[in-house]
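As provided, final03.pdb (PDB, C-alpha atoms and all ligand atoms) reads as follows.
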ATOM      1  CA  MET A   1       0.000   0.000   0.000
ATOM      2  CA  LEU A   2       2.697   2.424   1.116
ATOM      3  CA  CYS A   3       4.808   1.375  -1.816
ATOM      4  CA  ALA A   4       1.969   2.113  -4.289
ATOM      5  CA  SER A   5       1.414   5.555  -2.789
ATOM      6  CA  ILE A   6       5.149   6.409  -3.019
ATOM      7  CA  THR A   7       5.215   5.235  -6.627
ATOM      8  CA  ALA A   8       2.161   7.385  -7.465
ATOM      9  CA  ARG A   9       3.785  10.455  -5.870
ATOM     10  CA  PHE A  10       6.968   9.749  -7.724
ATOM     11  CA  TYR A  11       5.129   9.694 -11.066
ATOM     12  CA  ASN A  12       3.203  12.787 -10.127
ATOM     13  CA  GLU A  13       6.384  14.777  -9.259
ATOM     14  CA  ALA A  14       8.181  13.452 -12.338
ATOM     15  CA  GLY A  15       5.252  14.622 -14.481
ATOM     16  CA  LYS A  16       5.436  18.086 -12.929
ATOM     17  CA  LEU A  17       9.162  18.225 -13.536
ATOM     18  CA  THR A  18       8.734  17.219 -17.189
ATOM     19  CA  SER A  19       6.114  19.896 -17.723
ATOM     20  CA  LEU A  20       8.374  22.468 -16.024
ATOM     21  CA  LEU A  21      11.280  21.472 -18.244
ATOM     22  CA  GLU A  22       9.032  21.715 -21.308
ATOM     23  CA  LYS A  23       7.907  25.198 -20.232
ATOM     24  CA  ARG A  24      11.526  26.231 -19.702
ATOM     25  CA  ARG A  25      12.489  24.959 -23.153
ATOM     26  CA  SER A  26       9.590  26.783 -24.773
ATOM     27  CA  LEU A  27      10.513  30.021 -22.978
ATOM     28  CA  HIS A  28      14.088  29.615 -24.091
ATOM     29  CA  ARG A  29      12.968  29.127 -27.724
ATOM     30  CA  HIS A  30      10.759  32.204 -27.404
ATOM     31  CA  LEU A  31      13.656  34.254 -26.012
ATOM     32  CA  THR A  32      16.014  33.127 -28.785
ATOM     33  CA  ASP A  33      13.421  34.062 -31.423
ATOM     34  CA  ARG A  34      12.981  37.541 -29.884
ATOM     35  CA  GLN A  35      16.765  37.994 -29.707
ATOM     36  CA  ASP A  36      17.064  37.118 -33.396
ATOM     37  CA  GLU A  37      14.257  39.554 -34.258
ATOM     38  CA  ASN A  38      15.975  42.216 -32.133
ATOM     39  CA  ALA A  39      19.271  41.722 -33.953
ATOM     40  CA  LEU A  40      17.485  42.033 -37.325
ATOM     41  CA  LEU A  41      15.751  45.244 -36.238
ATOM     42  CA  ARG A  42      19.040  46.688 -34.962
ATOM     43  CA  ALA A  43      20.714  45.926 -38.288
ATOM     44  CA  GLU A  44      17.791  47.590 -40.094
ATOM     45  CA  ILE A  45      18.092  50.706 -37.877
ATOM     46  CA  GLU A  46      21.841  50.844 -38.533
ATOM     47  CA  ARG A  47      21.154  50.596 -42.256
ATOM     48  CA  LEU A  48      18.486  53.309 -42.216
ATOM     49  CA  GLU A  49      20.224  55.756 -39.839
ATOM     50  CA  PRO A  50      22.635  57.239 -42.425
ATOM     51  CA  LEU A  51      19.680  57.718 -44.784
ATOM     52  CA  ALA A  52      17.679  59.511 -42.082
ATOM     53  CA  ASN A  53      20.714  61.724 -41.283
ATOM     54  CA  LEU A  54      21.095  62.500 -44.945
ATOM     55  CA  GLY A  55      17.422  63.437 -45.157
ATOM     56  CA  THR A  56      17.777  65.827 -42.195
ATOM     57  CA  LEU A  57      20.922  67.343 -43.719
ATOM     58  CA  THR A  58      19.105  67.888 -46.996
ATOM     59  CA  TYR A  59      16.390  69.781 -45.129
ATOM     60  CA  MET A  60      19.075  71.776 -43.315
ATOM     61  CA  ILE A  61      20.719  72.786 -46.585
ATOM     62  CA  ALA A  62      17.355  73.922 -47.958
ATOM     63  CA  HIS A  63      16.679  75.804 -44.687
ATOM     64  CA  GLU A  64      19.992  77.664 -44.790
ATOM     65  CA  ILE A  65      19.765  78.441 -48.506
ATOM     66  CA  ASN A  66      16.324  79.857 -47.804
ATOM     67  CA  ASN A  67      17.761  81.944 -44.939
ATOM     68  CA  LEU A  68      20.302  83.376 -47.400
ATOM     69  CA  LEU A  69      17.890  83.837 -50.301
ATOM     70  CA  THR A  70      15.643  86.281 -48.435
ATOM     71  CA  PRO A  71      18.390  88.901 -47.922
ATOM     72  CA  LEU A  72      19.714  88.143 -51.421
ATOM     73  CA  ARG A  73      16.377  89.113 -52.922
ATOM     74  CA  ASN A  74      16.148  92.184 -50.666
ATOM     75  CA  TYR A  75      19.626  93.410 -51.670
ATOM     76  CA  ALA A  76      18.924  92.799 -55.368
ATOM     77  CA  GLU A  77      15.598  94.669 -55.108
ATOM     78  CA  LEU A  78      17.356  97.530 -53.302
ATOM     79  CA  ALA A  79      19.836  97.787 -56.195
ATOM     80  CA  MET A  80      17.072  97.708 -58.821
ATOM     81  CA  ALA A  81      15.036 100.371 -57.020
ATOM     82  CA  ASN A  82      18.047 102.705 -56.787
ATOM     83  CA  THR A  83      19.704 102.606 -60.191
ATOM     84  CA  GLU A  84      20.080 106.405 -59.999
ATOM     85  CA  ASP A  85      22.023 106.179 -56.762
ATOM     86  CA  VAL A  86      25.023 104.377 -58.202
ATOM     87  CA  LYS A  87      26.857 104.101 -54.869
ATOM     88  CA  LEU A  88      23.910 102.501 -53.062
ATOM     89  CA  ALA A  89      23.117 100.199 -55.983
ATOM     90  CA  GLU A  90      26.759  99.119 -56.129
ATOM     91  CA  LYS A  91      26.872  98.456 -52.385
ATOM     92  CA  ALA A  92      23.673  96.375 -52.577
ATOM     93  CA  LEU A  93      25.034  94.385 -55.522
ATOM     94  CA  ARG A  94      28.303  93.766 -53.700
ATOM     95  CA  LYS A  95      26.336  92.368 -50.748
ATOM     96  CA  THR A  96      24.268  90.248 -53.151
ATOM     97  CA  ALA A  97      27.467  88.777 -54.586
ATOM     98  CA  ARG A  98      28.899  88.153 -51.086
ATOM     99  CA  ASN A  99      25.752  86.351 -49.993
ATOM    100  CA  CYS A 100      25.918  84.186 -53.135
ATOM    101  CA  GLU A 101      29.478  83.232 -52.223
ATOM    102  CA  ARG A 102      28.328  82.406 -48.702
ATOM    103  CA  ALA A 103      25.432  80.317 -49.945
ATOM    104  CA  ALA A 104      27.914  78.320 -52.029
ATOM    105  CA  ALA A 105      30.311  77.949 -49.067
ATOM    106  CA  VAL A 106      27.509  76.870 -46.708
ATOM    107  CA  MET A 107      26.247  74.328 -49.198
ATOM    108  CA  GLU A 108      29.730  72.950 -49.844
ATOM    109  CA  GLY A 109      30.354  72.691 -46.103
ATOM    110  CA  LEU A 110      27.061  70.946 -45.425
ATOM    111  CA  LEU A 111      27.694  68.473 -48.194
ATOM    112  CA  ALA A 112      31.108  67.818 -46.650
ATOM    113  CA  LEU A 113      29.355  67.133 -43.320
ATOM    114  CA  ALA A 114      26.981  64.757 -45.091
ATOM    115  CA  ASN A 115      29.714  62.696 -46.703
ATOM    116  CA  GLY A 116      31.854  62.766 -43.561
ATOM    117  CA  SER A 117      34.774  64.709 -45.063
ATOM    118  CA  GLY A 118      34.370  67.340 -42.305
ATOM    119  CA  GLN A 119      35.298  71.003 -42.053
ATOM    120  CA  ARG A 120      38.148  73.178 -43.244
ATOM    121  CA  PRO A 121      38.688  75.362 -40.199
ATOM    122  CA  GLU A 122      40.832  78.497 -40.200
ATOM    123  CA  ILE A 123      41.619  81.117 -37.582
ATOM    124  CA  VAL A 124      39.170  84.005 -37.965
ATOM    125  CA  SER A 125      38.320  87.004 -35.848
ATOM    126  CA  ALA A 126      35.114  86.735 -33.817
ATOM    127  CA  ALA A 127      34.275  90.345 -34.759
ATOM    128  CA  GLU A 128      34.343  89.388 -38.461
ATOM    129  CA  LEU A 129      32.011  86.445 -37.839
ATOM    130  CA  VAL A 130      29.527  88.574 -35.916
ATOM    131  CA  ASP A 131      29.672  91.314 -38.590
ATOM    132  CA  GLY A 132      29.110  88.704 -41.305
ATOM    133  CA  ALA A 133      26.050  87.329 -39.512
ATOM    134  CA  PHE A 134      24.479  90.795 -39.289
ATOM    135  CA  THR A 135      25.308  91.582 -42.950
ATOM    136  CA  CYS A 136      23.418  88.478 -43.958
ATOM    137  CA  LEU A 137      20.243  89.590 -42.229
ATOM    138  CA  CYS A 138      19.843  92.611 -44.514
ATOM    139  CA  ARG A 139      16.868  93.977 -42.533
ATOM    140  CA  ASP A 140      17.915  96.472 -39.897
ATOM    141  CA  LEU A 141      16.899  95.118 -36.477
ATOM    142  CA  ASN A 142      16.260  98.692 -35.263
ATOM    143  CA  LYS A 143      13.242  98.723 -37.581
ATOM    144  CA  ASP A 144      11.737  96.004 -35.363
ATOM    145  CA  GLY A 145      12.347  98.087 -32.232
ATOM    146  CA  ILE A 146      15.423  96.039 -31.323
ATOM    147  CA  ASP A 147      18.391  97.756 -29.751
ATOM    148  CA  VAL A 148      21.527  95.866 -30.833
ATOM    149  CA  ARG A 149      24.534  95.815 -28.500
ATOM    150  CA  VAL A 150      27.723  94.146 -29.683
ATOM    151  CA  HIS A 151      30.591  93.561 -27.240
ATOM    152  CA  VAL A 152      33.236  91.558 -29.033
ATOM    153  CA  ALA A 153      36.772  91.543 -27.669
ATOM    154  CA  PRO A 154      38.853  92.819 -30.630
ATOM    155  CA  GLN A 155      41.505  90.120 -30.166
ATOM    156  CA  ALA A 156      38.998  87.256 -29.841
ATOM    157  CA  ARG A 157      39.678  84.562 -32.465
ATOM    158  CA  VAL A 158      38.041  81.253 -33.355
ATOM    159  CA  ARG A 159      39.240  78.243 -35.325
ATOM    160  CA  VAL A 160      36.262  77.502 -37.555
ATOM    161  CA  SER A 161      34.785  77.268 -41.036
ATOM    162  CA  ALA A 162      33.665  80.895 -41.092
ATOM    163  CA  ALA A 163      30.637  80.466 -43.385
ATOM    164  CA  HIS A 164      29.180  77.801 -41.099
ATOM    165  CA  ILE A 165      29.553  79.631 -37.845
ATOM    166  CA  GLN A 166      28.291  82.889 -39.358
ATOM    167  CA  GLN A 167      25.265  80.945 -40.507
ATOM    168  CA  ALA A 168      24.767  79.485 -37.011
ATOM    169  CA  LEU A 169      24.989  82.991 -35.492
ATOM    170  CA  MET A 170      22.507  84.237 -38.059
ATOM    171  CA  ASN A 171      20.041  81.540 -36.942
ATOM    172  CA  LEU A 172      20.467  82.566 -33.300
ATOM    173  CA  ILE A 173      19.928  86.236 -34.197
ATOM    174  CA  LEU A 174      16.831  85.361 -36.262
ATOM    175  CA  ASN A 175      15.397  83.409 -33.313
ATOM    176  CA  ALA A 176      16.171  86.311 -30.961
ATOM    177  CA  ARG A 177      14.417  88.723 -33.313
ATOM    178  CA  GLN A 178      11.359  86.451 -33.514
ATOM    179  CA  ALA A 179      11.310  86.125 -29.708
ATOM    180  CA  MET A 180      11.213  89.950 -29.396
ATOM    181  CA  THR A 181       8.606  90.553 -32.104
ATOM    182  CA  PRO A 182       6.375  92.428 -31.718
ATOM    183  CA  GLY A 183       7.412  94.777 -28.968
ATOM    184  CA  GLY A 184      11.151  94.920 -29.537
ATOM    185  CA  GLY A 185      13.834  94.610 -26.877
ATOM    186  CA  ILE A 186      17.584  94.325 -26.522
ATOM    187  CA  LEU A 187      19.837  91.963 -28.454
ATOM    188  CA  THR A 188      23.293  91.537 -26.955
ATOM    189  CA  VAL A 189      26.040  89.695 -28.816
ATOM    190  CA  GLN A 190      29.240  89.071 -26.900
ATOM    191  CA  ALA A 191      32.482  87.273 -27.667
ATOM    192  CA  VAL A 192      35.459  86.692 -25.444
ATOM    193  CA  GLU A 193      38.421  84.327 -25.353
ATOM    194  CA  GLU A 194      38.669  82.086 -22.300
ATOM    195  CA  GLY A 195      41.936  80.147 -22.549
ATOM    196  CA  PRO A 196      41.751  77.685 -25.457
ATOM    197  CA  THR A 197      38.048  78.422 -25.940
ATOM    198  CA  THR A 198      36.134  81.382 -27.316
ATOM    199  CA  ARG A 199      32.670  82.041 -25.939
ATOM    200  CA  ILE A 200      30.155  83.730 -28.217
ATOM    201  CA  SER A 201      26.728  84.516 -26.804
ATOM    202  CA  VAL A 202      23.519  85.821 -28.328
ATOM    203  CA  ALA A 203      21.084  87.103 -25.689
ATOM    204  CA  ASP A 204      17.633  88.591 -26.085
ATOM    205  CA  THR A 205      14.985  90.063 -23.819
ATOM    206  CA  GLY A 206      12.099  88.267 -25.524
ATOM    207  CA  VAL A 207       9.508  85.725 -24.424
ATOM    208  CA  GLY A 208      12.063  83.167 -23.231
ATOM    209  CA  VAL A 209      12.052  79.428 -23.870
ATOM    210  CA  ASP A 210       9.083  77.574 -22.429
ATOM    211  CA  PRO A 211      10.577  75.228 -19.738
ATOM    212  CA  LYS A 212       8.275  72.438 -20.991
ATOM    213  CA  VAL A 213      10.080  72.380 -24.354
ATOM    214  CA  MET A 214      13.606  73.209 -23.190
ATOM    215  CA  ASP A 215      14.799  69.593 -23.649
ATOM    216  CA  ARG A 216      13.559  69.485 -27.240
ATOM    217  CA  ILE A 217      14.610  72.765 -28.876
ATOM    218  CA  PHE A 218      17.778  71.332 -30.495
ATOM    219  CA  GLU A 219      15.879  68.389 -32.029
ATOM    220  CA  PRO A 220      15.513  68.557 -35.823
ATOM    221  CA  PHE A 221      12.003  69.646 -36.837
ATOM    222  CA  PHE A 222      10.997  70.763 -33.344
ATOM    223  CA  SER A 223       9.302  74.160 -33.472
ATOM    224  CA  THR A 224       6.732  76.049 -31.415
ATOM    225  CA  LYS A 225       6.127  78.479 -34.289
ATOM    226  CA  GLY A 226       3.574  76.456 -36.242
ATOM    227  CA  SER A 227       3.843  76.961 -39.992
ATOM    228  CA  ALA A 228       6.235  79.908 -39.439
ATOM    229  CA  GLY A 229       9.041  77.623 -38.261
ATOM    230  CA  SER A 230      10.579  74.442 -39.565
ATOM    231  CA  GLY A 231      12.516  73.652 -36.402
ATOM    232  CA  LEU A 232      15.863  73.356 -38.147
ATOM    233  CA  GLY A 233      17.699  76.502 -37.018
ATOM    234  CA  LEU A 234      18.959  75.226 -33.667
ATOM    235  CA  ALA A 235      19.499  71.685 -34.978
ATOM    236  CA  PHE A 236      21.757  73.234 -37.631
ATOM    237  CA  CYS A 237      23.626  75.311 -35.004
ATOM    238  CA  LYS A 238      24.206  72.242 -32.824
ATOM    239  CA  LYS A 239      25.358  70.153 -35.782
ATOM    240  CA  VAL A 240      27.932  72.650 -37.046
ATOM    241  CA  VAL A 241      29.177  73.734 -33.607
ATOM    242  CA  GLU A 242      29.718  70.108 -32.563
ATOM    243  CA  ALA A 243      31.393  69.355 -35.904
ATOM    244  CA  HIS A 244      33.939  72.039 -34.895
ATOM    245  CA  GLY A 245      34.558  70.334 -31.548
ATOM    246  CA  GLY A 246      32.498  72.954 -29.722
ATOM    247  CA  CYS A 247      29.209  73.003 -27.850
ATOM    248  CA  ILE A 248      26.089  75.113 -27.580
ATOM    249  CA  ARG A 249      23.942  75.724 -24.509
ATOM    250  CA  VAL A 250      21.032  77.867 -23.488
ATOM    251  CA  GLU A 251      19.849  79.674 -20.386
ATOM    252  CA  SER A 252      16.358  81.083 -20.221
ATOM    253  CA  SER A 253      13.391  81.794 -17.999
ATOM    254  CA  PRO A 254       9.880  82.540 -19.253
ATOM    255  CA  GLY A 255       9.384  86.243 -19.938
ATOM    256  CA  GLN A 256      13.040  86.961 -19.137
ATOM    257  CA  GLY A 257      14.563  86.309 -22.551
ATOM    258  CA  ALA A 258      17.083  83.707 -23.621
ATOM    259  CA  CYS A 259      20.843  83.500 -23.917
ATOM    260  CA  PHE A 260      22.443  81.018 -26.326
ATOM    261  CA  THR A 261      26.153  80.440 -25.810
ATOM    262  CA  ILE A 262      28.521  78.802 -28.267
ATOM    263  CA  LEU A 263      31.911  77.553 -27.094
ATOM    264  CA  LEU A 264      34.489  77.044 -29.845
ATOM    265  CA  PRO A 265      38.199  76.266 -30.011
ATOM    266  CA  ASN A 266      40.488  79.167 -30.874
ATOM    267  CA  SER A 267      43.751  77.405 -31.687
TER     268      SER A 267
HETATM  269  N1  LIG A 301      15.632  83.160 -28.576
HETATM  270  C1  LIG A 301      14.622  82.325 -28.318
HETATM  271  N2  LIG A 301      13.660  82.655 -27.416
HETATM  272  C2  LIG A 301      12.643  81.805 -27.144
HETATM  273  N3  LIG A 301      12.481  80.579 -27.709
HETATM  274  C3  LIG A 301      13.403  80.198 -28.619
HETATM  275  C4  LIG A 301      14.518  81.035 -28.969
HETATM  276  N4  LIG A 301      15.254  80.378 -29.881
HETATM  277  C5  LIG A 301      14.649  79.194 -30.099
HETATM  278  N5  LIG A 301      13.540  79.082 -29.353
HETATM  279  C6  LIG A 301      12.624  77.918 -29.299
HETATM  280  O1  LIG A 301      13.262  76.822 -29.911
HETATM  281  C7  LIG A 301      12.467  76.299 -30.987
HETATM  282  C8  LIG A 301      13.381  75.730 -32.068
HETATM  283  O2  LIG A 301      14.139  76.782 -32.682
HETATM  284  P1  LIG A 301      14.673  76.587 -34.162
HETATM  285  O3  LIG A 301      15.438  77.785 -34.539
HETATM  286  O4  LIG A 301      15.337  75.263 -34.248
HETATM  287  O5  LIG A 301      13.355  76.449 -35.040
HETATM  288  P2  LIG A 301      12.306  77.594 -35.414
HETATM  289  O6  LIG A 301      12.888  78.941 -35.134
HETATM  290  O7  LIG A 301      11.012  77.261 -34.748
HETATM  291  O8  LIG A 301      12.152  77.375 -36.988
HETATM  292  P3  LIG A 301      13.272  77.691 -38.100
HETATM  293  O9  LIG A 301      13.552  76.380 -38.734
HETATM  294  O10 LIG A 301      12.635  78.662 -38.999
HETATM  295  O11 LIG A 301      14.485  78.240 -37.418
HETATM  296  C9  LIG A 301      11.627  77.478 -31.427
HETATM  297  O12 LIG A 301      10.452  77.083 -32.098
HETATM  298  C10 LIG A 301      11.341  78.165 -30.094
HETATM  299  O13 LIG A 301      10.296  77.526 -29.395
HETATM  300 MG    MG A 302      14.853  79.432 -35.838
END

What is this structure when it is put down as structure tokens?
Ligand SMILES: Nc1ncnc2c1ncn2[C@@H]1O[C@H](COP(=O)(O)OP(=O)(O)OP(=O)(O)O)[C@@H](O)[C@H]1O
Ligand SMILES: [Mg+2]
Amino acid sequence: MLCASITARFYNEAGKLTSLLEKRRSLHRHLTDRQDENALLRAEIERLEPLANLGTLTYMIAHEINNLLTPLRNYAELAMANTEDVKLAEKALRKTARNCERAAAVMEGLLALANGSGQRPEIVSAAELVDGAFTCLCRDLNKDGIDVRVHVAPQARVRVSAAHIQQALMNLILNARQAMTPGGGILTVQAVEEGPTTRISVADTGVGVDPKVMDRIFEPFFSTKGSAGSGLGLAFCKKVVEAHGGCIRVESSPGQGACFTILLPNS
């Protein structure tokens, strides 16, 4: 009797063990399948990532060419409307030609970023870069009620591809102008050397960055401006500044304006 009961228990426990082992095997198979799927998906992401980057870069090129075309058209129209005033017409045409050169340099540089051949940095004066960024805007910021204050240390230098960094500064100035429109305010551009680094900042007294979106403003295509913004300006700035071995950061509080700072090597 006792023997029969022990035998029955034995078979019962053995059955449980077999079913447990079967379950374990099935889970293991399941896990292996998921791991294989995971590896395939990773490979697919790796394959698609360069294409996605290329797509974003293409948008960035279009964005920057558009940024340069607006002043180009304005300068050309200024020349056409003032054919009598030879000096003014000549000045406007010279600026048109300079902006064309810049558009070509920006495009060449962005294509170099896209194919990984990098930048061709040179030592340039920070004052020249800041001047170049303002020249590109064409429209006088005073007309929008903006008081422009430029404090650039005359000896401050940066080791950069000038066309790129000018373009990045132009994006920061455009954002500052939009943040202070309407109503106007103060735009302060500063540049100073700090050891091996040069700090260039663009500060405004506009609406400030909404803290809820602070983490997202450098993402490509992130914009709070609806159809008026494509969300590529800051993504472009970050891309080119980092390609120069620098970094960009922002400080802002709602209603208190924003200050974007770029740190770049100077030797
Ligand atoms: N100076 C600023 N003050 C307040 N918010 C800003 C400022 N600069 C940028 N932002 C915020 O960051 C977002 C992203 O800026 P970004 O320049 O990348 O795109 P955008 O200006 O919206 O469009 P665009 O592609 O025309 O530049 C803006 O939509 C805005 O919300
Ligand atoms: Mg912008």

Env. residues ligand LIG 301 (chain A) / 9 Å / all atoms listed in the file / as a PDB file with C-alpha atoms, in the coordinates of the input:
ATOM      1  CA  MET A  60      19.075  71.776 -43.315  1.00  0.00           C
ATOM      2  CA  HIS A  63      16.679  75.804 -44.687  1.00  0.00           C
ATOM      3  CA  GLU A  64      19.992  77.664 -44.790  1.00  0.00           C
ATOM      4  CA  ASN A  67      17.761  81.944 -44.939  1.00  0.00           C
ATOM      5  CA  ASN A 171      20.041  81.540 -36.942  1.00  0.00           C
ATOM      6  CA  LEU A 172      20.467  82.566 -33.300  1.00  0.00           C
ATOM      7  CA  ILE A 173      19.928  86.236 -34.197  1.00  0.00           C
ATOM      8  CA  LEU A 174      16.831  85.361 -36.262  1.00  0.00           C
ATOM      9  CA  ASN A 175      15.397  83.409 -33.313  1.00  0.00           C
ATOM     10  CA  ALA A 176      16.171  86.311 -30.961  1.00  0.00           C
ATOM     11  CA  ARG A 177      14.417  88.723 -33.313  1.00  0.00           C
ATOM     12  CA  GLN A 178      11.359  86.451 -33.514  1.00  0.00           C
ATOM     13  CA  ALA A 179      11.310  86.125 -29.708  1.00  0.00           C
ATOM     14  CA  MET A 180      11.213  89.950 -29.396  1.00  0.00           C
ATOM     15  CA  VAL A 202      23.519  85.821 -28.328  1.00  0.00           C
ATOM     16  CA  ALA A 203      21.084  87.103 -25.689  1.00  0.00           C
ATOM     17  CA  ASP A 204      17.633  88.591 -26.085  1.00  0.00           C
ATOM     18  CA  THR A 205      14.985  90.063 -23.819  1.00  0.00           C
ATOM     19  CA  GLY A 206      12.099  88.267 -25.524  1.00  0.00           C
ATOM     20  CA  VAL A 207       9.508  85.725 -24.424  1.00  0.00           C
ATOM     21  CA  GLY A 208      12.063  83.167 -23.231  1.00  0.00           C
ATOM     22  CA  VAL A 209      12.052  79.428 -23.870  1.00  0.00           C
ATOM     23  CA  ASP A 210       9.083  77.574 -22.429  1.00  0.00           C
ATOM     24  CA  VAL A 213      10.080  72.380 -24.354  1.00  0.00           C
ATOM     25  CA  MET A 214      13.606  73.209 -23.190  1.00  0.00           C
ATOM     26  CA  ARG A 216      13.559  69.485 -27.240  1.00  0.00           C
ATOM     27  CA  ILE A 217      14.610  72.765 -28.876  1.00  0.00           C
ATOM     28  CA  PHE A 218      17.778  71.332 -30.495  1.00  0.00           C
ATOM     29  CA  GLU A 219      15.879  68.389 -32.029  1.00  0.00           C
ATOM     30  CA  PRO A 220      15.513  68.557 -35.823  1.00  0.00           C
ATOM     31  CA  PHE A 221      12.003  69.646 -36.837  1.00  0.00           C
ATOM     32  CA  PHE A 222      10.997  70.763 -33.344  1.00  0.00           C
ATOM     33  CA  SER A 223       9.302  74.160 -33.472  1.00  0.00           C
ATOM     34  CA  THR A 224       6.732  76.049 -31.415  1.00  0.00           C
ATOM     35  CA  LYS A 225       6.127  78.479 -34.289  1.00  0.00           C
ATOM     36  CA  GLY A 226       3.574  76.456 -36.242  1.00  0.00           C
ATOM     37  CA  SER A 227       3.843  76.961 -39.992  1.00  0.00           C
ATOM     38  CA  ALA A 228       6.235  79.908 -39.439  1.00  0.00           C
ATOM     39  CA  GLY A 229       9.041  77.623 -38.261  1.00  0.00           C
ATOM     40  CA  SER A 230      10.579  74.442 -39.565  1.00  0.00           C
ATOM     41  CA  GLY A 231      12.516  73.652 -36.402  1.00  0.00           C
ATOM     42  CA  LEU A 232      15.863  73.356 -38.147  1.00  0.00           C
ATOM     43  CA  GLY A 233      17.699  76.502 -37.018  1.00  0.00           C
ATOM     44  CA  LEU A 234      18.959  75.226 -33.667  1.00  0.00           C
ATOM     45  CA  ALA A 235      19.499  71.685 -34.978  1.00  0.00           C
ATOM     46  CA  PHE A 236      21.757  73.234 -37.631  1.00  0.00           C
ATOM     47  CA  CYS A 237      23.626  75.311 -35.004  1.00  0.00           C
ATOM     48  CA  VAL A 250      21.032  77.867 -23.488  1.00  0.00           C
ATOM     49  CA  SER A 252      16.358  81.083 -20.221  1.00  0.00           C
ATOM     50  CA  PRO A 254       9.880  82.540 -19.253  1.00  0.00           C
ATOM     51  CA  GLY A 257      14.563  86.309 -22.551  1.00  0.00           C
ATOM     52  CA  ALA A 258      17.083  83.707 -23.621  1.00  0.00           C
ATOM     53  CA  CYS A 259      20.843  83.500 -23.917  1.00  0.00           C
ATOM     54  CA  PHE A 260      22.443  81.018 -26.326  1.00  0.00           C
TER      55      PHE A 260
END

What's the separation between atom CA of Thr261 of chain A and atom CA of Arg249 of chain A, in Å to one decimal place?
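Taking atom CA of Thr261 of chain A and atom CA of Arg249 of chain A, their separation equals 5.4 Å.
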
In Å, with one decimal, what is the gap from atom CA of Val152 of chain A to atom CA of Val192 of chain A?
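Separation of atom CA of Val152 of chain A and atom CA of Val192 of chain A: 6.4 Å.
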
I'd like to see the residues matched by the PyMOL selection byres (((chain A and resi 190) around 7) and not hetatm) on this file, and ideally I'd get them as a list in words.
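Evaluating the PyMOL selection byres (((chain A and resi 190) around 7) and not hetatm) on this file yields Val150, His151, Val152, Thr188, Val189, Ala191, Val192, Ile200, Ser201 and Val202 of chain A.
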
Counting all atoms listed in the file, what is within 9 Å of segment 127-135 of chain A, bar same-chain residues fewer than 3 positions away, as a PyMOL selection string?
chain A and resi 71+95+99+124+138-140+150-157+162-163+165-171+173+189+191

Taking into account only C-alpha atoms, which residue in the set A:Ile123, A:Leu51, A:Ala112, A:Leu187 is nearest to Arg149 of chain A?
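Result for the nearest residue to Arg149 of chain A: A:Leu187.
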
Emit as AutoDock Vina command-line options the padded axis-aligned box for all listed atoms of segment 158-174 of chain A, 3 Å per side, with centre and edge lengths in Å to one decimal.
--center_x 28.0 --center_y 81.8 --center_z -38.3 --size_x 28.4 --size_y 15.0 --size_z 16.1

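Across the structure, atom CA of Ala104 of chain A and atom CA of Ile65 of chain A are spaced 8.9 Å apart.
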
From the list A:Gly195, A:Asp215, A:Gly145, A:Asn266, the nearest residue to Glu251 of chain A using only C-alpha atoms is A:Asp215

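Minimum atom-to-atom distance to Met107 of chain A, evaluated using all atoms listed in the file, belongs to A:Thr58 out of A:Thr58, A:Thr197, A:Ser5, A:Ser19.
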